[in-house]
$ cat input18.txt   # compact mmCIF, C-alpha atoms
# COMPACT_ATOMS: atom_id res chain seq x y z
CA MET X 1 34.23 47.66 27.03
CA LYS X 2 32.21 45.55 29.48
CA ARG X 3 30.87 42.34 27.91
CA LYS X 4 27.16 41.70 27.88
CA VAL X 5 26.49 38.35 29.45
CA LYS X 6 23.58 36.28 30.56
CA LYS X 7 23.30 33.67 33.29
CA ALA X 8 23.08 30.02 32.32
CA VAL X 9 19.54 28.75 31.91
CA GLN X 10 18.81 25.04 32.20
CA ALA X 11 17.22 23.58 29.06
CA THR X 12 16.94 19.96 28.12
CA ALA X 13 18.47 18.97 24.79
CA ARG X 14 16.13 16.80 22.79
CA PRO X 15 17.38 13.20 22.68
CA GLY X 16 16.91 10.81 19.84
CA TRP X 17 19.56 10.44 17.18
CA ARG X 18 23.24 11.09 16.76
CA THR X 19 25.70 11.98 14.00
CA VAL X 20 29.20 13.11 13.14
CA VAL X 21 32.20 14.36 10.69
CA PRO X 22 35.96 16.77 8.87
CA ALA X 23 39.53 16.15 7.81
CA GLY X 24 42.69 18.20 7.28
CA LEU X 25 42.77 20.30 10.45
CA LYS X 26 45.68 22.51 9.50
CA TRP X 27 44.81 25.13 12.09
CA ALA X 28 44.20 22.72 14.96
CA VAL X 29 46.60 22.48 17.88
CA ARG X 30 46.45 18.81 18.71
CA MET X 31 45.67 18.07 22.30
CA PRO X 32 47.59 15.19 23.92
CA VAL X 33 45.00 12.51 24.58
CA PRO X 34 46.17 9.57 26.68
CA ALA X 35 43.23 7.32 25.83
CA VAL X 36 40.16 7.38 23.63
CA PHE X 37 37.49 4.80 24.36
CA VAL X 38 35.93 3.93 21.01
CA VAL X 39 32.41 2.78 21.76
CA VAL X 40 30.42 3.04 18.54
CA VAL X 41 26.68 3.52 18.49
CA ALA X 42 24.23 2.59 15.78
CA VAL X 43 21.69 5.28 14.98
CA LEU X 44 18.67 5.29 12.72
CA PHE X 45 18.50 8.11 10.17
CA VAL X 46 16.04 8.99 7.46
CA ALA X 47 18.02 10.12 4.43
CA CYS X 48 17.16 13.68 3.41
CA GLY X 49 15.02 13.69 0.29
CA SER X 50 14.93 9.90 0.21
CA PRO X 51 12.72 7.18 1.74
CA ARG X 52 15.78 5.08 2.60
CA LEU X 53 16.62 4.34 6.21
CA GLY X 54 20.20 4.09 7.36
CA VAL X 55 22.23 3.30 10.45
CA TYR X 56 25.24 5.50 11.19
CA LYS X 57 28.07 4.52 13.51
CA VAL X 58 29.72 7.60 15.00
CA ARG X 59 32.02 8.67 17.82
CA LEU X 60 33.81 11.58 19.41
CA GLN X 61 37.24 11.05 17.90
CA ASN X 62 39.37 13.82 19.40
CA VAL X 63 39.43 17.23 21.05
CA VAL X 64 41.96 19.96 20.30
CA SER X 65 42.41 23.31 21.95
CA SER X 66 44.14 26.60 21.36
CA PRO X 67 46.19 27.30 23.38
CA PRO X 68 47.16 23.74 24.35
CA PRO X 69 46.20 22.66 27.88
CA PRO X 70 48.76 23.13 30.67
CA VAL X 71 48.07 19.66 32.06
CA ARG X 72 47.60 16.28 30.39
CA ASP X 73 45.10 14.58 32.68
CA MET X 74 42.22 14.54 30.20
CA MET X 75 39.73 11.78 29.63
CA PHE X 76 37.39 10.48 26.96
CA SER X 77 34.61 8.09 27.89
CA THR X 78 31.16 6.99 26.85
CA ALA X 79 27.97 6.29 28.74
CA GLU X 80 25.06 4.20 27.51
CA GLN X 81 21.63 5.74 28.07
CA PRO X 82 18.29 3.99 28.86
CA ASP X 83 16.92 4.97 25.44
CA GLY X 84 19.76 3.12 23.72
CA SER X 85 21.72 6.23 22.80
CA THR X 86 25.28 6.99 23.87
CA CYS X 87 26.75 10.09 25.51
CA TYR X 88 30.34 11.07 24.71
CA ILE X 89 32.22 12.64 27.60
CA TYR X 90 35.34 14.83 27.53
CA GLU X 91 36.72 15.97 30.86
CA THR X 92 39.65 18.05 32.14
CA PRO X 93 40.44 19.45 35.61
CA PHE X 94 38.54 22.60 34.56
CA LEU X 95 35.43 21.43 32.72
CA LYS X 96 33.35 18.44 31.71
CA THR X 97 31.40 18.21 28.46
CA THR X 98 28.84 15.51 27.73
CA TRP X 99 27.66 15.25 24.12
CA LYS X 100 24.51 13.47 22.94
CA LEU X 101 24.06 13.77 19.20
CA SER X 102 20.77 13.63 17.34
CA ASN X 103 19.98 13.67 13.62
CA THR X 104 19.70 17.48 13.65
CA ARG X 105 21.63 18.84 16.64
CA PHE X 106 24.47 18.47 19.11
CA GLY X 107 23.13 18.08 22.64
CA LEU X 108 25.56 19.36 25.27
CA VAL X 109 25.85 19.34 29.05
CA LEU X 110 28.65 21.67 30.15
CA GLU X 111 29.97 21.61 33.71
CA ASN X 112 32.30 24.16 35.30
CA LYS X 113 34.66 22.32 37.66
CA THR X 114 36.50 25.41 38.88
CA ALA X 115 35.96 27.89 41.72
CA ASP X 116 35.77 30.70 39.12
CA SER X 117 33.12 31.63 36.57
CA LEU X 118 33.27 30.00 33.13
CA VAL X 119 32.11 32.01 30.09
CA VAL X 120 30.79 30.45 26.87
CA PHE X 121 30.91 32.65 23.76
CA TRP X 122 27.99 31.31 21.73
CA GLU X 123 28.22 33.94 19.01
CA GLU X 124 31.73 32.76 18.16
CA ALA X 125 30.86 29.06 18.25
CA ALA X 126 30.67 27.28 14.88
CA TYR X 127 30.08 23.99 13.10
CA VAL X 128 32.41 22.68 10.38
CA ASN X 129 30.44 20.20 8.27
CA GLN X 130 31.60 17.23 6.18
CA HIS X 131 32.22 19.57 3.22
CA MET X 132 34.52 21.78 5.37
CA ASP X 133 31.99 24.65 5.38
CA THR X 134 32.16 26.69 8.59
CA LEU X 135 28.60 27.44 9.69
CA ARG X 136 27.18 29.71 12.37
CA VAL X 137 25.22 27.93 15.12
CA ILE X 138 22.52 28.89 17.59
CA HIS X 139 21.86 27.36 20.99
CA ASP X 140 18.83 26.75 23.18
CA GLY X 141 16.80 29.82 24.09
CA ILE X 142 17.15 31.49 20.68
CA ASP X 143 13.83 31.75 18.88
CA PHE X 144 14.12 30.52 15.29
CA PHE X 145 12.51 33.75 14.08
CA GLU X 146 15.50 35.55 15.63
CA LYS X 147 18.17 33.06 14.58
CA GLU X 148 20.28 35.79 12.96
CA ARG X 149 20.45 37.97 16.06
CA GLU X 150 23.63 38.24 18.11
CA GLN X 151 23.87 35.69 20.91
CA LEU X 152 25.06 36.86 24.30
CA PRO X 153 27.67 34.86 26.23
CA THR X 154 26.57 32.58 29.06
CA ILE X 155 28.26 32.64 32.47
CA LEU X 156 28.45 29.44 34.46
CA ASP X 157 28.88 30.01 38.17
CA PRO X 158 31.62 28.11 40.04
CA LEU X 159 30.76 24.39 39.89
CA GLY X 160 27.74 25.31 37.77
CA LYS X 161 26.18 23.26 34.95
CA VAL X 162 24.06 24.03 31.89
CA THR X 163 22.18 21.73 29.50
CA ASP X 164 22.03 23.09 25.95
CA PHE X 165 22.21 22.18 22.26
CA LEU X 166 23.72 23.57 19.07
CA ILE X 167 22.08 23.67 15.62
CA PRO X 168 23.68 25.01 12.40
CA VAL X 169 21.67 28.08 11.38
CA ASP X 170 21.81 27.13 7.70
CA ASN X 171 19.98 23.89 8.52
CA ILE X 172 16.93 25.72 9.90
CA ARG X 173 14.27 26.42 7.26
CA TYR X 174 10.99 28.26 7.54
CA ASP X 175 8.25 25.78 6.62
CA PRO X 176 4.66 27.10 6.77
CA ASP X 177 3.34 23.61 6.06
CA ASN X 178 4.94 22.29 9.26
CA PHE X 179 2.89 22.70 12.44
CA THR X 180 5.97 24.18 14.15
CA LEU X 181 6.55 26.50 11.13
CA TRP X 182 10.15 25.23 10.95
CA SER X 183 12.07 22.28 9.56
CA ILE X 184 15.62 21.31 10.47
CA ASN X 185 17.80 19.51 7.93
CA HIS X 186 19.64 16.38 9.03
CA LEU X 187 23.35 16.69 9.71
CA PHE X 188 23.99 13.59 7.56
CA TYR X 189 22.03 12.17 4.67
CA GLU X 190 24.45 10.81 2.05
CA GLY X 191 24.73 7.24 3.33
CA LYS X 192 28.00 5.51 2.47
CA ARG X 193 29.48 8.73 1.15
CA ASP X 194 29.49 10.05 4.73
CA ILE X 195 31.70 7.19 5.98
CA GLY X 196 35.13 8.47 7.03
CA GLN X 197 33.95 12.08 7.15
CA ARG X 198 34.51 14.29 10.18
CA VAL X 199 32.74 17.33 11.55
CA ILE X 200 33.85 19.80 14.19
CA VAL X 201 32.04 21.78 16.85
CA ILE X 202 34.05 24.89 17.75
CA LEU X 203 33.31 26.22 21.23
CA PRO X 204 35.26 29.23 22.59
CA MET X 205 35.29 29.72 26.36
CA GLU X 206 36.99 31.73 29.06
CA ILE X 207 38.23 29.63 31.99
CA GLN X 208 39.99 31.21 34.97
CA GLY X 209 40.57 34.36 32.97
CA GLU X 210 42.11 32.55 29.97
CA ARG X 211 40.48 32.43 26.55
CA ILE X 212 40.45 28.85 25.15
CA GLU X 213 38.97 27.59 21.87
CA TYR X 214 37.93 23.93 21.94
CA ARG X 215 37.34 21.90 18.79
CA PHE X 216 35.33 18.70 19.28
CA ILE X 217 35.94 16.33 16.37
CA PHE X 218 33.35 13.69 15.49
CA LEU X 219 33.87 10.83 13.01
CA VAL X 220 31.38 8.85 10.93
CA GLU X 221 32.72 5.29 11.10
CA ASP X 222 30.10 3.34 9.19
CA TRP X 223 26.67 3.44 7.55
CA LYS X 224 24.39 0.55 6.63
CA VAL X 225 20.95 0.31 5.12
CA GLY X 226 18.35 0.30 7.89
CA LEU X 227 16.23 -2.65 8.81
$ encode --input "input18.txt" --output "structure tokens"
Amino acid sequence: MKRKVKKAVQATARPGWRTVVPAGLKWAVRMPVPAVFVVVVAVLFVACGSPRLGVYKVRLQNVVSSPPPPVRDMMFSTAEQPDGSTCYIYETPFLKTTWKLSNTRFGLVLENKTADSLVVFWEEAAYVNQHMDTLRVIHDGIDFFEKEREQLPTILDPLGKVTDFLIPVDNIRYDPDNFTLWSINHLFYEGKRDIGQRVIVILPMEIQGERIEYRFIFLVEDWKVGL
């Protein structure tokens, strides 16, 4: 059966805050990573249901794929932004992903480095939270009123790029008292109890005709009471 697809649409992920988190990846095929640059960023968070402020230190810890990559020239890096935030970059000969985390979402810039189309299967993407719950996610362009509808894949043209973001559906709540009618729960809100936790963003793609599932693993390194 022919897949329904839609062309990539540029959309700016909202900057601001960042987060991270899981452990015990029994199903993960570990990707050989020659070097991980650990540049930690402090981020201000308002604890959910609490007036306390906190600063989280987080990073992109690892990336695993299934099947494993045929080549080993992969790279992690970080890039400081003018607003004080940090982007986390993972790059292979086939794609480049740039992550900018906020308190509620995972901002993503995805670049296709090949001469073939790259397909992103949003409906099969997922978020594994700090409690090891696997949650469905939606990306930019999906109206919150239709957050349960099936998401069509996106095709990136050769050397194409798309700016997007991912939000766990379970974190989106209808809130008639909010002027936007919606509230989005924070990804982290338990302070010190979140230290050492990991979360995973699962992103299935098709690259040069091969189906690959990437798992981006983020780690909460520290939390301190805000100023």
$ atom_distance --input "input18.txt" --atom1 "CA of Ile138 (chain X)" --atom2 "CA of Trp223 (chain X)"
27.7 Å
$ closest_residue --input "input18.txt" --among "X:Arg193, X:Arg59, X:Arg173, X:Lys161" --to "Ser117 (chain X)" --atoms "only C-alpha atoms"
X:Lys161
$ closest_residue --input "input18.txt" --among "X:Asp140, X:Asp177, X:Glu111, X:Asp133" --to "Val201 (chain X)" --atoms "all atoms listed in the file"
X:Asp133
$ atom_distance --input "input18.txt" --atom1 "CA of Asn129 (chain X)" --atom2 "CA of Ser102 (chain X)"
14.8 Å
$ residues_around --input "input18.txt" --residues "region 204-214 of chain X" --least-positions-apart "3" --cutoff "6 Å" --atoms "all atoms listed in the file" --output "PyMOL selection string"
chain X and resi 64-66+116+118-121
$ atom_distance --input "input18.txt" --atom1 "CA of Asn171 (chain X)" --atom2 "CA of Arg149 (chain X)"
16.0 Å
$ closest_residue --input "input18.txt" --among "X:Arg215, X:Lys96, X:Arg198, X:His139" --to "Gly160 (chain X)" --atoms "all atoms listed in the file"
X:Lys96
$ closest_residue --input "input18.txt" --among "X:Leu110, X:Val199, X:Ile217, X:Val58" --to "Ile155 (chain X)" --atoms "all atoms listed in the file"
X:Leu110
$ axis_aligned_box --input "input18.txt" --around "region 96-103 of chain X" --padding-each-side "8 Å" --output "JSON"
{"center_x": 26.7, "center_y": 16.0, "center_z": 22.7, "size_x": 29.4, "size_y": 21.0, "size_z": 34.1}
$ closest_residue --input "input18.txt" --among "X:Leu203, X:Ala79, X:Val225, X:Ile142" --to "Glu124 (chain X)" --atoms "only C-alpha atoms"
X:Leu203
$ closest_residue --input "input18.txt" --among "X:Tyr88, X:Pro93, X:Asn112, X:Leu60" --to "Pro158 (chain X)" --atoms "only C-alpha atoms"
X:Asn112
$ decode --input "input18.txt" --residues "region 174-214 of chain X" --atoms "N, CA and C atoms" --output "PDB file, in the first residue's frame"
ATOM      1  N   TYR X 174      -6.491  20.352  28.302  1.00  0.00           N
ATOM      2  CA  TYR X 174      -7.452  21.409  27.971  1.00  0.00           C
ATOM      3  C   TYR X 174      -7.688  22.258  29.210  1.00  0.00           C
ATOM      4  N   ASP X 175      -7.549  23.572  29.057  1.00  0.00           N
ATOM      5  CA  ASP X 175      -7.642  24.488  30.197  1.00  0.00           C
ATOM      6  C   ASP X 175      -8.451  25.718  29.777  1.00  0.00           C
ATOM      7  N   PRO X 176      -9.757  25.714  30.006  1.00  0.00           N
ATOM      8  CA  PRO X 176     -10.595  26.839  29.571  1.00  0.00           C
ATOM      9  C   PRO X 176     -10.264  28.148  30.249  1.00  0.00           C
ATOM     10  N   ASP X 177      -9.545  28.089  31.372  1.00  0.00           N
ATOM     11  CA  ASP X 177      -9.164  29.321  32.073  1.00  0.00           C
ATOM     12  C   ASP X 177      -7.895  29.950  31.491  1.00  0.00           C
ATOM     13  N   ASN X 178      -7.227  29.220  30.607  1.00  0.00           N
ATOM     14  CA  ASN X 178      -6.022  29.722  29.953  1.00  0.00           C
ATOM     15  C   ASN X 178      -6.430  30.421  28.655  1.00  0.00           C
ATOM     16  N   PHE X 179      -5.804  31.551  28.337  1.00  0.00           N
ATOM     17  CA  PHE X 179      -6.231  32.288  27.144  1.00  0.00           C
ATOM     18  C   PHE X 179      -5.971  31.505  25.865  1.00  0.00           C
ATOM     19  N   THR X 180      -5.047  30.519  25.916  1.00  0.00           N
ATOM     20  CA  THR X 180      -4.809  29.664  24.747  1.00  0.00           C
ATOM     21  C   THR X 180      -5.709  28.427  24.752  1.00  0.00           C
ATOM     22  N   LEU X 181      -6.450  28.228  25.852  1.00  0.00           N
ATOM     23  CA  LEU X 181      -7.333  27.069  26.082  1.00  0.00           C
ATOM     24  C   LEU X 181      -6.556  25.792  26.401  1.00  0.00           C
ATOM     25  N   TRP X 182      -5.222  25.875  26.440  1.00  0.00           N
ATOM     26  CA  TRP X 182      -4.423  24.682  26.693  1.00  0.00           C
ATOM     27  C   TRP X 182      -3.303  24.986  27.675  1.00  0.00           C
ATOM     28  N   SER X 183      -2.953  23.974  28.462  1.00  0.00           N
ATOM     29  CA  SER X 183      -1.771  24.033  29.323  1.00  0.00           C
ATOM     30  C   SER X 183      -0.900  22.822  29.011  1.00  0.00           C
ATOM     31  N   ILE X 184       0.409  23.009  29.124  1.00  0.00           N
ATOM     32  CA  ILE X 184       1.342  21.910  28.859  1.00  0.00           C
ATOM     33  C   ILE X 184       2.169  21.669  30.115  1.00  0.00           C
ATOM     34  N   ASN X 185       2.102  20.460  30.649  1.00  0.00           N
ATOM     35  CA  ASN X 185       2.866  20.116  31.845  1.00  0.00           C
ATOM     36  C   ASN X 185       4.364  20.151  31.559  1.00  0.00           C
ATOM     37  N   HIS X 186       5.140  20.493  32.577  1.00  0.00           N
ATOM     38  CA  HIS X 186       6.593  20.468  32.443  1.00  0.00           C
ATOM     39  C   HIS X 186       7.094  19.031  32.333  1.00  0.00           C
ATOM     40  N   LEU X 187       8.192  18.870  31.627  1.00  0.00           N
ATOM     41  CA  LEU X 187       8.792  17.544  31.504  1.00  0.00           C
ATOM     42  C   LEU X 187       9.391  17.091  32.832  1.00  0.00           C
ATOM     43  N   PHE X 188       9.899  18.053  33.623  1.00  0.00           N
ATOM     44  CA  PHE X 188      10.504  17.746  34.918  1.00  0.00           C
ATOM     45  C   PHE X 188       9.977  18.702  35.966  1.00  0.00           C
ATOM     46  N   TYR X 189       9.793  18.179  37.173  1.00  0.00           N
ATOM     47  CA  TYR X 189       9.230  19.023  38.223  1.00  0.00           C
ATOM     48  C   TYR X 189       9.505  18.475  39.619  1.00  0.00           C
ATOM     49  N   GLU X 190      10.342  17.442  39.735  1.00  0.00           N
ATOM     50  CA  GLU X 190      10.557  16.808  41.034  1.00  0.00           C
ATOM     51  C   GLU X 190      11.888  17.178  41.677  1.00  0.00           C
ATOM     52  N   GLY X 191      12.550  18.215  41.161  1.00  0.00           N
ATOM     53  CA  GLY X 191      13.767  18.698  41.792  1.00  0.00           C
ATOM     54  C   GLY X 191      14.862  17.657  41.874  1.00  0.00           C
ATOM     55  N   LYS X 192      15.423  17.472  43.066  1.00  0.00           N
ATOM     56  CA  LYS X 192      16.540  16.558  43.256  1.00  0.00           C
ATOM     57  C   LYS X 192      16.203  15.130  42.874  1.00  0.00           C
ATOM     58  N   ARG X 193      14.953  14.763  42.959  1.00  0.00           N
ATOM     59  CA  ARG X 193      14.577  13.388  42.613  1.00  0.00           C
ATOM     60  C   ARG X 193      14.740  13.109  41.125  1.00  0.00           C
ATOM     61  N   ASP X 194      14.854  14.171  40.316  1.00  0.00           N
ATOM     62  CA  ASP X 194      15.076  13.977  38.881  1.00  0.00           C
ATOM     63  C   ASP X 194      16.547  13.785  38.534  1.00  0.00           C
ATOM     64  N   ILE X 195      17.452  14.080  39.470  1.00  0.00           N
ATOM     65  CA  ILE X 195      18.891  13.953  39.194  1.00  0.00           C
ATOM     66  C   ILE X 195      19.231  12.490  38.896  1.00  0.00           C
ATOM     67  N   GLY X 196      19.989  12.275  37.831  1.00  0.00           N
ATOM     68  CA  GLY X 196      20.388  10.920  37.441  1.00  0.00           C
ATOM     69  C   GLY X 196      19.380  10.219  36.558  1.00  0.00           C
ATOM     70  N   GLN X 197      18.208  10.815  36.362  1.00  0.00           N
ATOM     71  CA  GLN X 197      17.187  10.214  35.514  1.00  0.00           C
ATOM     72  C   GLN X 197      17.509  10.466  34.046  1.00  0.00           C
ATOM     73  N   ARG X 198      16.990   9.603  33.203  1.00  0.00           N
ATOM     74  CA  ARG X 198      17.149   9.748  31.758  1.00  0.00           C
ATOM     75  C   ARG X 198      15.800   9.670  31.083  1.00  0.00           C
ATOM     76  N   VAL X 199      15.695  10.357  29.956  1.00  0.00           N
ATOM     77  CA  VAL X 199      14.514  10.226  29.101  1.00  0.00           C
ATOM     78  C   VAL X 199      14.997   9.950  27.683  1.00  0.00           C
ATOM     79  N   ILE X 200      14.105   9.429  26.869  1.00  0.00           N
ATOM     80  CA  ILE X 200      14.460   9.057  25.501  1.00  0.00           C
ATOM     81  C   ILE X 200      13.435   9.629  24.539  1.00  0.00           C
ATOM     82  N   VAL X 201      13.921  10.164  23.435  1.00  0.00           N
ATOM     83  CA  VAL X 201      13.060  10.500  22.302  1.00  0.00           C
ATOM     84  C   VAL X 201      13.315   9.455  21.224  1.00  0.00           C
ATOM     85  N   ILE X 202      12.272   8.733  20.836  1.00  0.00           N
ATOM     86  CA  ILE X 202      12.370   7.704  19.801  1.00  0.00           C
ATOM     87  C   ILE X 202      11.884   8.304  18.487  1.00  0.00           C
ATOM     88  N   LEU X 203      12.722   8.242  17.455  1.00  0.00           N
ATOM     89  CA  LEU X 203      12.387   8.874  16.181  1.00  0.00           C
ATOM     90  C   LEU X 203      12.709   7.920  15.029  1.00  0.00           C
ATOM     91  N   PRO X 204      11.696   7.237  14.488  1.00  0.00           N
ATOM     92  CA  PRO X 204      11.920   6.329  13.352  1.00  0.00           C
ATOM     93  C   PRO X 204      11.993   7.109  12.038  1.00  0.00           C
ATOM     94  N   MET X 205      12.924   6.713  11.178  1.00  0.00           N
ATOM     95  CA  MET X 205      13.095   7.360   9.885  1.00  0.00           C
ATOM     96  C   MET X 205      13.384   6.307   8.810  1.00  0.00           C
ATOM     97  N   GLU X 206      13.281   6.754   7.575  1.00  0.00           N
ATOM     98  CA  GLU X 206      13.729   5.949   6.447  1.00  0.00           C
ATOM     99  C   GLU X 206      14.773   6.770   5.701  1.00  0.00           C
ATOM    100  N   ILE X 207      15.996   6.222   5.607  1.00  0.00           N
ATOM    101  CA  ILE X 207      17.108   6.923   4.983  1.00  0.00           C
ATOM    102  C   ILE X 207      17.686   6.036   3.895  1.00  0.00           C
ATOM    103  N   GLN X 208      17.704   6.518   2.665  1.00  0.00           N
ATOM    104  CA  GLN X 208      18.206   5.763   1.522  1.00  0.00           C
ATOM    105  C   GLN X 208      17.565   4.387   1.435  1.00  0.00           C
ATOM    106  N   GLY X 209      16.269   4.359   1.668  1.00  0.00           N
ATOM    107  CA  GLY X 209      15.494   3.128   1.551  1.00  0.00           C
ATOM    108  C   GLY X 209      15.583   2.194   2.736  1.00  0.00           C
ATOM    109  N   GLU X 210      16.336   2.561   3.782  1.00  0.00           N
ATOM    110  CA  GLU X 210      16.473   1.707   4.964  1.00  0.00           C
ATOM    111  C   GLU X 210      15.748   2.314   6.152  1.00  0.00           C
ATOM    112  N   ARG X 211      14.972   1.481   6.843  1.00  0.00           N
ATOM    113  CA  ARG X 211      14.252   1.917   8.031  1.00  0.00           C
ATOM    114  C   ARG X 211      15.200   1.894   9.230  1.00  0.00           C
ATOM    115  N   ILE X 212      15.333   3.041   9.940  1.00  0.00           N
ATOM    116  CA  ILE X 212      16.218   3.152  11.090  1.00  0.00           C
ATOM    117  C   ILE X 212      15.459   3.807  12.240  1.00  0.00           C
ATOM    118  N   GLU X 213      15.562   3.241  13.437  1.00  0.00           N
ATOM    119  CA  GLU X 213      14.951   3.836  14.617  1.00  0.00           C
ATOM    120  C   GLU X 213      16.046   4.427  15.499  1.00  0.00           C
ATOM    121  N   TYR X 214      16.005   5.741  15.681  1.00  0.00           N
ATOM    122  CA  TYR X 214      16.979   6.429  16.524  1.00  0.00           C
ATOM    123  C   TYR X 214      16.377   6.666  17.903  1.00  0.00           C
TER     124      TYR X 214
END
